[in-house]
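One file, work-v6.pdb, is given below (PDB, C-alpha atoms and all ligand atoms).
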MODEL        1
ATOM      1  CA  MET O   1       7.916 -25.068  26.516
ATOM      2  CA  ASP O   2       7.374 -21.996  24.311
ATOM      3  CA  LYS O   3       4.059 -20.238  24.275
ATOM      4  CA  ILE O   4       2.741 -18.638  21.092
ATOM      5  CA  SER O   5       0.115 -15.892  21.347
ATOM      6  CA  VAL O   6      -2.144 -15.595  18.321
ATOM      7  CA  ILE O   7      -3.808 -12.183  18.026
ATOM      8  CA  ILE O   8      -6.990 -12.198  15.950
ATOM      9  CA  PRO O   9      -8.700  -8.834  15.273
ATOM     10  CA  CYS O  10     -12.394  -9.339  14.497
ATOM     11  CA  TYR O  11     -14.894  -6.839  13.201
ATOM     12  CA  ASN O  12     -18.301  -8.271  12.287
ATOM     13  CA  GLU O  13     -16.902 -11.735  11.628
ATOM     14  CA  GLU O  14     -19.519 -14.055  13.167
ATOM     15  CA  ASP O  15     -19.284 -16.483  10.238
ATOM     16  CA  ALA O  16     -15.513 -16.484  10.025
ATOM     17  CA  ILE O  17     -14.725 -17.049  13.726
ATOM     18  CA  PRO O  18     -15.808 -20.753  13.940
ATOM     19  CA  LEU O  19     -14.047 -21.535  10.639
ATOM     20  CA  PHE O  20     -10.891 -19.852  11.850
ATOM     21  CA  TYR O  21     -11.001 -21.722  15.149
ATOM     22  CA  GLU O  22     -11.329 -25.021  13.297
ATOM     23  CA  GLU O  23      -8.264 -24.260  11.161
ATOM     24  CA  ILE O  24      -6.079 -22.984  13.983
ATOM     25  CA  THR O  25      -6.988 -26.031  16.112
ATOM     26  CA  LYS O  26      -5.610 -28.273  13.374
ATOM     27  CA  VAL O  27      -2.373 -26.309  13.433
ATOM     28  CA  MET O  28      -2.161 -26.344  17.235
ATOM     29  CA  SER O  29      -2.633 -30.092  17.397
ATOM     30  CA  LYS O  30       0.273 -30.532  14.977
ATOM     31  CA  MET O  31       2.611 -28.277  16.960
ATOM     32  CA  ILE O  32       2.678 -30.403  20.090
ATOM     33  CA  ASN O  33       5.807 -28.855  21.565
ATOM     34  CA  THR O  34       4.312 -25.414  22.037
ATOM     35  CA  LYS O  35       1.569 -23.928  24.156
ATOM     36  CA  PHE O  36      -0.946 -21.543  22.622
ATOM     37  CA  GLU O  37      -2.999 -18.548  23.583
ATOM     38  CA  LEU O  38      -5.717 -17.408  21.176
ATOM     39  CA  LEU O  39      -6.401 -13.749  21.720
ATOM     40  CA  PHE O  40      -9.568 -12.606  19.942
ATOM     41  CA  ILE O  41     -10.032  -8.847  19.815
ATOM     42  CA  ASN O  42     -13.638  -7.904  19.190
ATOM     43  CA  ASP O  43     -13.335  -4.475  17.612
ATOM     44  CA  GLY O  44     -16.846  -3.207  18.365
ATOM     45  CA  SER O  45     -18.664  -5.706  16.137
ATOM     46  CA  ILE O  46     -22.387  -5.166  15.789
ATOM     47  CA  ASP O  47     -23.144  -8.795  14.884
ATOM     48  CA  ASN O  48     -22.764 -11.944  17.007
ATOM     49  CA  SER O  49     -18.955 -12.032  16.902
ATOM     50  CA  LEU O  50     -18.565 -11.563  20.653
ATOM     51  CA  LYS O  51     -21.093 -14.320  21.347
ATOM     52  CA  GLU O  52     -19.137 -16.698  19.083
ATOM     53  CA  ILE O  53     -15.873 -15.817  20.807
ATOM     54  CA  LYS O  54     -17.364 -16.234  24.280
ATOM     55  CA  GLN O  55     -18.685 -19.652  23.295
ATOM     56  CA  LEU O  56     -15.190 -20.699  22.225
ATOM     57  CA  SER O  57     -13.709 -19.354  25.452
ATOM     58  CA  LYS O  58     -16.115 -21.494  27.452
ATOM     59  CA  LYS O  59     -14.993 -24.742  25.850
ATOM     60  CA  ASP O  60     -11.301 -23.850  25.395
ATOM     61  CA  LYS O  61      -9.399 -22.236  28.238
ATOM     62  CA  ASN O  62      -6.706 -21.030  25.839
ATOM     63  CA  VAL O  63      -9.192 -18.692  24.192
ATOM     64  CA  LYS O  64      -8.928 -15.172  25.595
ATOM     65  CA  TYR O  65     -10.890 -12.181  24.416
ATOM     66  CA  ILE O  66     -10.888  -8.440  24.654
ATOM     67  CA  SER O  67     -13.984  -6.580  23.534
ATOM     68  CA  PHE O  68     -13.843  -2.881  22.705
ATOM     69  CA  SER O  69     -16.548  -0.369  23.605
ATOM     70  CA  ARG O  70     -16.845   0.586  19.908
ATOM     71  CA  ASN O  71     -15.030   0.104  16.597
ATOM     72  CA  PHE O  72     -11.511   1.479  17.027
ATOM     73  CA  GLY O  73      -9.994   0.002  13.852
ATOM     74  CA  LYS O  74      -7.622  -2.869  13.150
ATOM     75  CA  GLU O  75      -4.560  -0.885  14.251
ATOM     76  CA  ALA O  76      -6.029  -0.400  17.734
ATOM     77  CA  ALA O  77      -7.053  -4.067  17.865
ATOM     78  CA  MET O  78      -3.514  -5.162  17.040
ATOM     79  CA  MET O  79      -2.086  -2.842  19.704
ATOM     80  CA  ALA O  80      -4.442  -4.226  22.366
ATOM     81  CA  GLY O  81      -3.464  -7.764  21.362
ATOM     82  CA  LEU O  82       0.242  -7.012  21.526
ATOM     83  CA  GLU O  83      -0.144  -5.359  24.945
ATOM     84  CA  TYR O  84      -2.100  -8.237  26.469
ATOM     85  CA  ALA O  85      -0.319 -11.177  24.809
ATOM     86  CA  THR O  86       1.730 -13.208  27.269
ATOM     87  CA  GLY O  87       3.490 -15.567  24.849
ATOM     88  CA  ASP O  88       7.212 -15.913  24.114
ATOM     89  CA  TYR O  89       6.297 -15.463  20.473
ATOM     90  CA  VAL O  90       3.411 -13.430  19.140
ATOM     91  CA  THR O  91       1.627 -13.615  15.796
ATOM     92  CA  ILE O  92      -1.190 -11.564  14.252
ATOM     93  CA  MET O  93      -3.709 -13.233  11.934
ATOM     94  CA  ASP O  94      -6.796 -12.064  10.071
ATOM     95  CA  VAL O  95      -9.834 -14.104  11.019
ATOM     96  CA  ASP O  96     -10.973 -14.423   7.382
ATOM     97  CA  LEU O  97      -8.247 -17.068   6.742
ATOM     98  CA  GLN O  98      -6.434 -14.813   4.265
ATOM     99  CA  ASP O  99      -3.429 -15.302   6.556
ATOM    100  CA  PRO O 100      -3.254 -19.113   6.362
ATOM    101  CA  PRO O 101      -2.752 -20.499   9.922
ATOM    102  CA  GLU O 102      -0.915 -23.548   8.511
ATOM    103  CA  LYS O 103       2.042 -21.282   7.712
ATOM    104  CA  LEU O 104       2.621 -20.869  11.433
ATOM    105  CA  GLU O 105       4.507 -24.155  11.804
ATOM    106  CA  GLU O 106       7.052 -23.162   9.162
ATOM    107  CA  MET O 107       7.378 -19.649  10.625
ATOM    108  CA  TYR O 108       7.973 -21.005  14.111
ATOM    109  CA  LYS O 109      10.642 -23.421  12.854
ATOM    110  CA  ILE O 110      12.527 -20.572  11.178
ATOM    111  CA  ILE O 111      12.424 -18.233  14.166
ATOM    112  CA  LYS O 112      13.318 -21.023  16.572
ATOM    113  CA  ASN O 113      16.255 -22.408  14.600
ATOM    114  CA  ASP O 114      17.894 -19.125  13.713
ATOM    115  CA  LYS O 115      18.600 -16.967  16.755
ATOM    116  CA  ASP O 116      19.438 -14.021  14.468
ATOM    117  CA  ILE O 117      15.876 -13.785  13.198
ATOM    118  CA  ASP O 118      13.442 -11.791  15.348
ATOM    119  CA  CYS O 119      10.471 -11.832  13.026
ATOM    120  CA  VAL O 120       9.117 -13.990  10.215
ATOM    121  CA  GLY O 121       6.683 -12.086   8.027
ATOM    122  CA  LEU O 122       4.546 -12.982   5.056
ATOM    123  CA  LYS O 123       4.336 -10.916   1.924
ATOM    124  CA  THR O 124       2.726 -11.327  -1.438
ATOM    125  CA  ASP O 125       4.292 -10.431  -4.740
ATOM    126  CA  SER O 126       1.170 -10.614  -6.850
ATOM    127  CA  HIS O 127      -1.948  -8.514  -6.543
ATOM    128  CA  ASP O 128      -3.954 -10.358  -9.190
ATOM    129  CA  ASP O 129      -7.185  -9.823  -7.299
ATOM    130  CA  TYR O 130      -6.736  -6.032  -7.256
ATOM    131  CA  GLY O 131      -8.336  -3.963  -9.978
ATOM    132  CA  PHE O 132      -6.201  -1.809 -12.251
ATOM    133  CA  ILE O 133      -6.793   1.377 -10.219
ATOM    134  CA  ARG O 134      -5.999  -0.183  -6.849
ATOM    135  CA  LYS O 135      -2.865  -1.814  -8.283
ATOM    136  CA  PHE O 136      -1.765   1.539  -9.703
ATOM    137  CA  PHE O 137      -2.282   3.393  -6.406
ATOM    138  CA  THR O 138      -0.623   0.623  -4.382
ATOM    139  CA  ASN O 139       2.468   0.827  -6.589
ATOM    140  CA  CYS O 140       2.482   4.627  -6.379
ATOM    141  CA  PHE O 141       2.218   4.483  -2.589
ATOM    142  CA  TYR O 142       5.219   2.211  -2.172
ATOM    143  CA  LYS O 143       7.256   4.246  -4.656
ATOM    144  CA  ILE O 144       6.433   7.532  -2.895
ATOM    145  CA  ILE O 145       7.000   6.282   0.615
ATOM    146  CA  SER O 146      10.261   4.502  -0.198
ATOM    147  CA  LYS O 147      11.620   7.740  -1.677
ATOM    148  CA  MET O 148      10.394   9.974   1.153
ATOM    149  CA  SER O 149      10.819   7.915   4.290
ATOM    150  CA  LYS O 150      13.875   6.431   5.930
ATOM    151  CA  THR O 151      11.716   3.652   7.347
ATOM    152  CA  GLU O 152      11.580   0.797   4.883
ATOM    153  CA  MET O 153       8.089  -0.326   3.830
ATOM    154  CA  VAL O 154       8.117  -3.731   2.201
ATOM    155  CA  PRO O 155       5.711  -3.848  -0.784
ATOM    156  CA  GLY O 156       3.001  -6.482  -0.348
ATOM    157  CA  ALA O 157       3.845  -7.098   3.335
ATOM    158  CA  ARG O 158       0.935  -8.402   5.428
ATOM    159  CA  ASP O 159       0.366  -7.804   9.121
ATOM    160  CA  PHE O 160       0.679 -11.587   9.500
ATOM    161  CA  ARG O 161       4.019 -12.163  11.228
ATOM    162  CA  LEU O 162       5.567 -14.121  14.083
ATOM    163  CA  MET O 163       7.656 -11.978  16.411
ATOM    164  CA  THR O 164       9.858 -12.585  19.427
ATOM    165  CA  ARG O 165       8.885 -11.192  22.830
ATOM    166  CA  GLN O 166      11.750  -8.695  22.567
ATOM    167  CA  MET O 167      10.381  -7.230  19.330
ATOM    168  CA  VAL O 168       6.817  -7.115  20.676
ATOM    169  CA  ASN O 169       8.018  -5.173  23.725
ATOM    170  CA  ALA O 170       9.713  -2.702  21.417
ATOM    171  CA  ILE O 171       6.502  -2.188  19.422
ATOM    172  CA  ILE O 172       4.294  -1.620  22.461
ATOM    173  CA  SER O 173       6.779   0.944  23.730
ATOM    174  CA  LEU O 174       5.699   3.092  20.750
ATOM    175  CA  ARG O 175       2.598   4.701  22.199
ATOM    176  CA  GLU O 176       1.557   6.945  19.313
ATOM    177  CA  TYR O 177      -2.143   7.424  18.641
ATOM    178  CA  ASN O 178      -1.963   7.549  14.820
ATOM    179  CA  ARG O 179      -0.657   4.046  14.324
ATOM    180  CA  TYR O 180       0.619   2.698  11.041
ATOM    181  CA  SER O 181       1.847  -0.773  11.937
ATOM    182  CA  LYS O 182       3.610  -1.605   8.686
ATOM    183  CA  GLY O 183       5.895   1.317   9.467
ATOM    184  CA  LEU O 184       6.151   0.618  13.199
ATOM    185  CA  PHE O 185       7.215  -2.998  12.619
ATOM    186  CA  SER O 186      10.008  -1.770  10.436
ATOM    187  CA  PHE O 187      10.867   1.271  12.611
ATOM    188  CA  VAL O 188      11.793  -0.889  15.613
ATOM    189  CA  GLY O 189      14.433  -2.639  13.536
ATOM    190  CA  PHE O 190      15.357  -6.284  14.273
ATOM    191  CA  ASN O 191      15.794  -8.905  11.565
ATOM    192  CA  THR O 192      12.774  -9.921   9.551
ATOM    193  CA  LYS O 193      12.749 -12.906   7.237
ATOM    194  CA  TRP O 194      10.117 -12.694   4.503
ATOM    195  CA  LEU O 195       8.209 -15.645   3.106
ATOM    196  CA  THR O 196       6.286 -15.074  -0.110
ATOM    197  CA  TYR O 197       2.822 -16.502  -0.639
ATOM    198  CA  LYS O 198      -0.302 -15.885  -2.639
ATOM    199  CA  ILE O 199      -3.147 -14.376  -0.615
ATOM    200  CA  PRO O 200      -6.135 -16.735  -0.726
ATOM    201  CA  GLU O 201      -9.656 -15.401  -1.203
ATOM    202  CA  ARG O 202     -11.592 -14.311   1.879
ATOM    203  CA  LYS O 203     -13.471 -17.406   3.143
ATOM    204  CA  VAL O 204     -16.683 -15.731   4.356
ATOM    205  CA  GLY O 205     -17.971 -12.210   4.955
ATOM    206  CA  LYS O 206     -16.638  -9.231   3.074
ATOM    207  CA  THR O 207     -13.822  -6.760   3.495
ATOM    208  CA  THR O 208     -14.526  -3.503   5.320
ATOM    209  CA  TRP O 209     -11.725  -1.667   3.520
ATOM    210  CA  SER O 210     -13.166   0.514   0.800
ATOM    211  CA  PHE O 211     -10.941   2.261  -1.718
ATOM    212  CA  PHE O 212     -11.203   5.548   0.180
ATOM    213  CA  LYS O 213     -10.448   3.911   3.527
ATOM    214  CA  LEU O 214      -7.317   2.410   1.967
ATOM    215  CA  PHE O 215      -6.400   5.745   0.417
ATOM    216  CA  ALA O 216      -6.729   7.489   3.799
ATOM    217  CA  TYR O 217      -4.691   4.687   5.399
ATOM    218  CA  ALA O 218      -1.921   5.171   2.823
ATOM    219  CA  LEU O 219      -1.934   8.919   3.570
ATOM    220  CA  ASP O 220      -1.676   8.101   7.295
ATOM    221  CA  GLY O 221       1.388   6.022   6.512
ATOM    222  CA  ILE O 222       3.031   8.861   4.641
ATOM    223  CA  LEU O 223       2.168  11.443   7.319
ATOM    224  CA  ALA O 224       3.356   9.191  10.139
ATOM    225  CA  PHE O 225       6.700   8.293   8.641
ATOM    226  CA  THR O 226       7.923  11.309   6.729
ATOM    227  CA  THR O 227       7.786  15.082   6.845
ATOM    228  CA  VAL O 228       9.175  15.403   3.314
ATOM    229  CA  PRO O 229       5.844  16.859   1.985
ATOM    230  CA  LEU O 230       6.422  19.872   4.274
ATOM    231  CA  THR O 231       9.884  20.358   2.815
ATOM    232  CA  ILE O 232       8.485  20.009  -0.706
ATOM    233  CA  SER O 233       5.838  22.685  -0.049
ATOM    234  CA  ALA O 234       8.490  25.069   1.289
ATOM    235  CA  PHE O 235      10.616  24.307  -1.758
ATOM    236  CA  ILE O 236       7.716  25.018  -4.142
ATOM    237  CA  GLY O 237       7.292  28.368  -2.359
ATOM    238  CA  ILE O 238      10.928  29.314  -2.964
ATOM    239  CA  ILE O 239      10.788  28.262  -6.636
ATOM    240  CA  PHE O 240       7.679  30.391  -7.226
ATOM    241  CA  CYS O 241       9.303  33.424  -5.563
ATOM    242  CA  LEU O 242      12.276  33.055  -7.900
ATOM    243  CA  ILE O 243      10.025  32.707 -10.954
ATOM    244  CA  SER O 244       8.056  35.836  -9.980
ATOM    245  CA  ILE O 245      11.250  37.897  -9.514
ATOM    246  CA  ILE O 246      12.413  36.869 -12.979
ATOM    247  CA  ALA O 247       8.961  37.668 -14.422
ATOM    248  CA  ILE O 248       8.967  41.146 -12.811
ATOM    249  CA  ILE O 249      12.370  41.925 -14.309
ATOM    250  CA  ILE O 250      11.203  40.776 -17.756
ATOM    251  CA  ILE O 251       8.007  42.885 -17.502
ATOM    252  CA  ILE O 252       9.926  46.013 -16.422
ATOM    253  CA  ILE O 253      12.355  45.661 -19.307
ATOM    254  CA  LYS O 254       9.503  44.952 -21.762
ATOM    255  CA  THR O 255       7.561  48.028 -20.559
ATOM    256  CA  LEU O 256      10.610  50.270 -20.872
ATOM    257  CA  ILE O 257      11.231  49.121 -24.427
ATOM    258  CA  PHE O 258       7.687  48.663 -25.838
ATOM    259  CA  GLY O 259       5.558  50.984 -23.662
ATOM    260  CA  ASP O 260       2.648  49.815 -21.504
ATOM    261  CA  PRO O 261      -0.441  48.663 -23.376
ATOM    262  CA  VAL O 262      -3.042  47.082 -21.012
ATOM    263  CA  ASP O 263      -3.066  43.445 -22.004
ATOM    264  CA  GLY O 264      -2.352  40.172 -20.327
ATOM    265  CA  TRP O 265      -5.522  40.203 -18.201
ATOM    266  CA  PRO O 266      -6.484  36.559 -18.995
ATOM    267  CA  SER O 267      -2.990  35.318 -18.301
ATOM    268  CA  LEU O 268      -3.000  37.250 -15.019
ATOM    269  CA  VAL O 269      -6.181  35.515 -13.911
ATOM    270  CA  CYS O 270      -4.715  32.123 -14.806
ATOM    271  CA  ILE O 271      -1.589  32.848 -12.808
ATOM    272  CA  MET O 272      -3.644  33.999  -9.806
ATOM    273  CA  PHE O 273      -5.715  30.827  -9.854
ATOM    274  CA  PHE O 274      -2.637  28.684 -10.225
ATOM    275  CA  LEU O 275      -0.796  30.357  -7.372
ATOM    276  CA  SER O 276      -3.753  30.309  -4.988
ATOM    277  CA  GLY O 277      -4.121  26.627  -5.807
ATOM    278  CA  ILE O 278      -0.514  25.974  -4.902
ATOM    279  CA  GLN O 279      -0.898  28.040  -1.718
ATOM    280  CA  LEU O 280      -3.973  26.130  -0.600
ATOM    281  CA  PHE O 281      -2.249  22.851  -1.405
ATOM    282  CA  CYS O 282       0.749  23.767   0.761
ATOM    283  CA  THR O 283      -1.418  25.094   3.594
ATOM    284  CA  GLY O 284      -3.355  21.834   3.347
ATOM    285  CA  ILE O 285      -0.181  19.813   3.791
ATOM    286  CA  SER O 286       0.830  21.830   6.867
ATOM    287  CA  GLY O 287      -2.713  21.600   8.207
ATOM    288  CA  THR O 288      -2.767  17.832   7.858
ATOM    289  CA  TYR O 289       0.412  17.502   9.886
ATOM    290  CA  LEU O 290      -0.994  19.925  12.446
ATOM    291  CA  SER O 291      -4.194  17.901  12.765
ATOM    292  CA  LYS O 292      -2.169  14.731  13.350
ATOM    293  CA  THR O 293      -0.153  16.563  16.011
ATOM    294  CA  TYR O 294      -3.438  17.721  17.570
ATOM    295  CA  THR O 295      -4.827  14.186  17.873
ATOM    296  CA  GLU O 296      -1.448  13.038  19.189
ATOM    297  CA  VAL O 297      -1.080  15.623  21.991
ATOM    298  CA  LYS O 298      -4.531  14.873  23.374
ATOM    299  CA  HIS O 299      -3.133  11.511  24.528
ATOM    300  CA  ARG O 300      -6.446   9.778  24.173
ATOM    301  CA  PRO O 301      -6.380   6.022  24.743
ATOM    302  CA  ILE O 302      -5.824   3.966  21.583
ATOM    303  CA  TYR O 303      -8.734   1.674  22.546
ATOM    304  CA  ILE O 304     -11.286   1.297  25.354
ATOM    305  CA  ILE O 305     -12.142  -2.155  26.693
ATOM    306  CA  LYS O 306     -15.698  -3.015  27.638
ATOM    307  CA  ASP O 307     -15.377  -6.722  28.341
ATOM    308  CA  THR O 308     -12.547  -9.243  28.683
ATOM    309  CA  ASN O 309     -11.744 -12.579  30.324
ATOM    310  CA  PHE O 310      -8.243 -11.484  31.324
ATOM    311  CA  LYS O 311      -8.154 -11.636  35.089
ATOM    312  CA  SER O 312      -6.142  -8.526  35.786
ATOM    313  CA  LYS O 313      -4.161  -5.871  34.005
TER     314      LYS O 313
HETATM  315  N1  LIG R 401     -10.756  -5.607  11.281
HETATM  316  C1  LIG R 401     -10.823  -5.037  12.547
HETATM  317  N2  LIG R 401     -11.333  -3.773  12.660
HETATM  318  C2  LIG R 401     -11.751  -3.031  11.591
HETATM  319  C3  LIG R 401     -11.641  -3.627  10.304
HETATM  320  C4  LIG R 401     -11.142  -4.902  10.187
HETATM  321  O1  LIG R 401     -10.440  -5.656  13.544
HETATM  322  O2  LIG R 401     -12.202  -1.902  11.763
HETATM  323  C5  LIG R 401     -10.211  -6.996  11.143
HETATM  324  C6  LIG R 401     -11.091  -7.945  10.345
HETATM  325  O3  LIG R 401     -12.056  -8.568  11.147
HETATM  326  C7  LIG R 401     -10.083  -8.943   9.806
HETATM  327  C8  LIG R 401      -8.831  -8.081   9.610
HETATM  328  O4  LIG R 401      -9.011  -6.917  10.419
HETATM  329  O5  LIG R 401      -9.766  -9.973  10.720
HETATM  330  C9  LIG R 401      -8.616  -7.698   8.152
HETATM  331  O6  LIG R 401      -9.776  -7.083   7.642
HETATM  332  P1  LIG R 401     -10.282  -7.307   6.156
HETATM  333  O7  LIG R 401     -10.303  -8.756   5.819
HETATM  334  O8  LIG R 401     -11.564  -6.547   6.038
HETATM  335  O9  LIG R 401      -9.140  -6.568   5.337
HETATM  336  P2  LIG R 401      -8.404  -7.057   3.987
HETATM  337  O10 LIG R 401      -8.041  -8.489   4.168
HETATM  338  O11 LIG R 401      -9.369  -6.830   2.900
HETATM  339  O12 LIG R 401      -7.210  -6.160   3.927
HETATM  340 MG    MG R 402      -9.137  -9.991   4.687
ENDMDL
END
I'd like the structure from this file rewritten - as structure tokens, please.
Amino acid sequence: MDKISVIIPCYNEEDAIPLFYEEITKVMSKMINTKFELLFINDGSIDNSLKEIKQLSKKDKNVKYISFSRNFGKEAAMMAGLEYATGDYVTIMDVDLQDPPEKLEEMYKIIKNDKDIDCVGLKTDSHDDYGFIRKFFTNCFYKIISKMSKTEMVPGARDFRLMTRQMVNAIISLREYNRYSKGLFSFVGFNTKWLTYKIPERKVGKTTWSFFKLFAYALDGILAFTTVPLTISAFIGIIFCLISIIAIIIIIIKTLIFGDPVDGWPSLVCIMFFLSGIQLFCTGISGTYLSKTYTEVKHRPIYIIKDTNFKSK
């Protein structure tokens, strides 16, 4: 009998946890030919999330939990879940029911019946709930990253996916600290089948992803999966050198022909500002990569566990 591990990252979700459990129980009772393991990851919640999870684990022995010592972020929570999951198939679901658990049955059927498929993922093709600005930046992000990176990022892809044990092992072998899962899932390869759906509204609570958090996350994705910005900054440097050589030649010729009246001071200031701007921009790009390298070489743990009901590991 196959076992499916369901990883559920939770951050301040005391209201959502019981609702989620109710929904997933309905799904589990329909899928009678599979065993389940519900793996709640409490990502340093400061509300009663851990209490709720512990209560569930008391009445249902399939409920496992890992509780972090502080908030490490959803990426770290997913990594912990993937490392501890024991199932033959592993899925990741948001606790707010935006990843509808009832899809699991269909996903399992697909992955089970077609041996060529290693992963069934969900994606959305409409972002009706996004405002104009967020929609614009989301589109820009996917356009930029698809041009710059060899790793394919599927627009609208969710973290909600059902993966085989083989694929999960491949993902946990990637030990990097700056994790960008959408890229990692695609980096490891394997065959993913995409199902399209419309993301439902969050059932309770509110999202912790502000615009700036999302913007930083998008930058993380770009930094983690391409070094093209470094090449671009070097290229800009070369272009500006060429332009300045041409300008010098023109000025020399002009001076020889028309003499040397002192003018052009305002334009000089503009050029200086422009060039220092470009220089700072390029140094910034290099610095950002350097800072990522710095956090990477420290080899700090991706998460720290304070409490769990896993017996050993
Ligand atoms: N989450 C988490 N750690 C965080 C932020 C979020 O584990 O630091 C969890 C959260 O509890 C939820 C999932 O990640 O289960 C998705 O979060 P959210 O609904 O806020 O994101 P959105 O759906 O708006 O992208
Ligand atoms: Mg959500």
Test item: residues no farther than 6 Å from ligand LIG 401 (chain R), counting all atoms listed in the file, as a list in words: Pro9, Cys10, Tyr11, Glu13, Asp43, Asn71, Gly73, Lys74, Ala77, Asp94, Val95, Asp96, Thr207, Thr208 and Trp209 of chain O
With distances taken over all atoms listed in the file, which residue among O:Ile92, O:Ile8, O:Ile302, O:Leu256 lies nearest Cys119 of chain O? O:Ile92
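Coordinates place atom CA of Phe141 of chain O at a distance of 10.8 Å from atom CA of Leu214 of chain O.
Comparing the minimum interatomic distances between ligand MG 402 (chain R) and each of O:Phe36, O:Phe160, O:Phe68, O:Tyr21, counting only C-alpha atoms and all ligand atoms, we find that O:Phe160 sits nearest.
Atom CA of Glu37 of chain O is found 7.3 Å from atom CA of Lys3 of chain O.
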All residues 6 Å or closer to Arg161 of chain O, only C-alpha atoms, same chain fewer than 4 positions away omitted, as a ChimeraX atom specification: /O:91,120-121
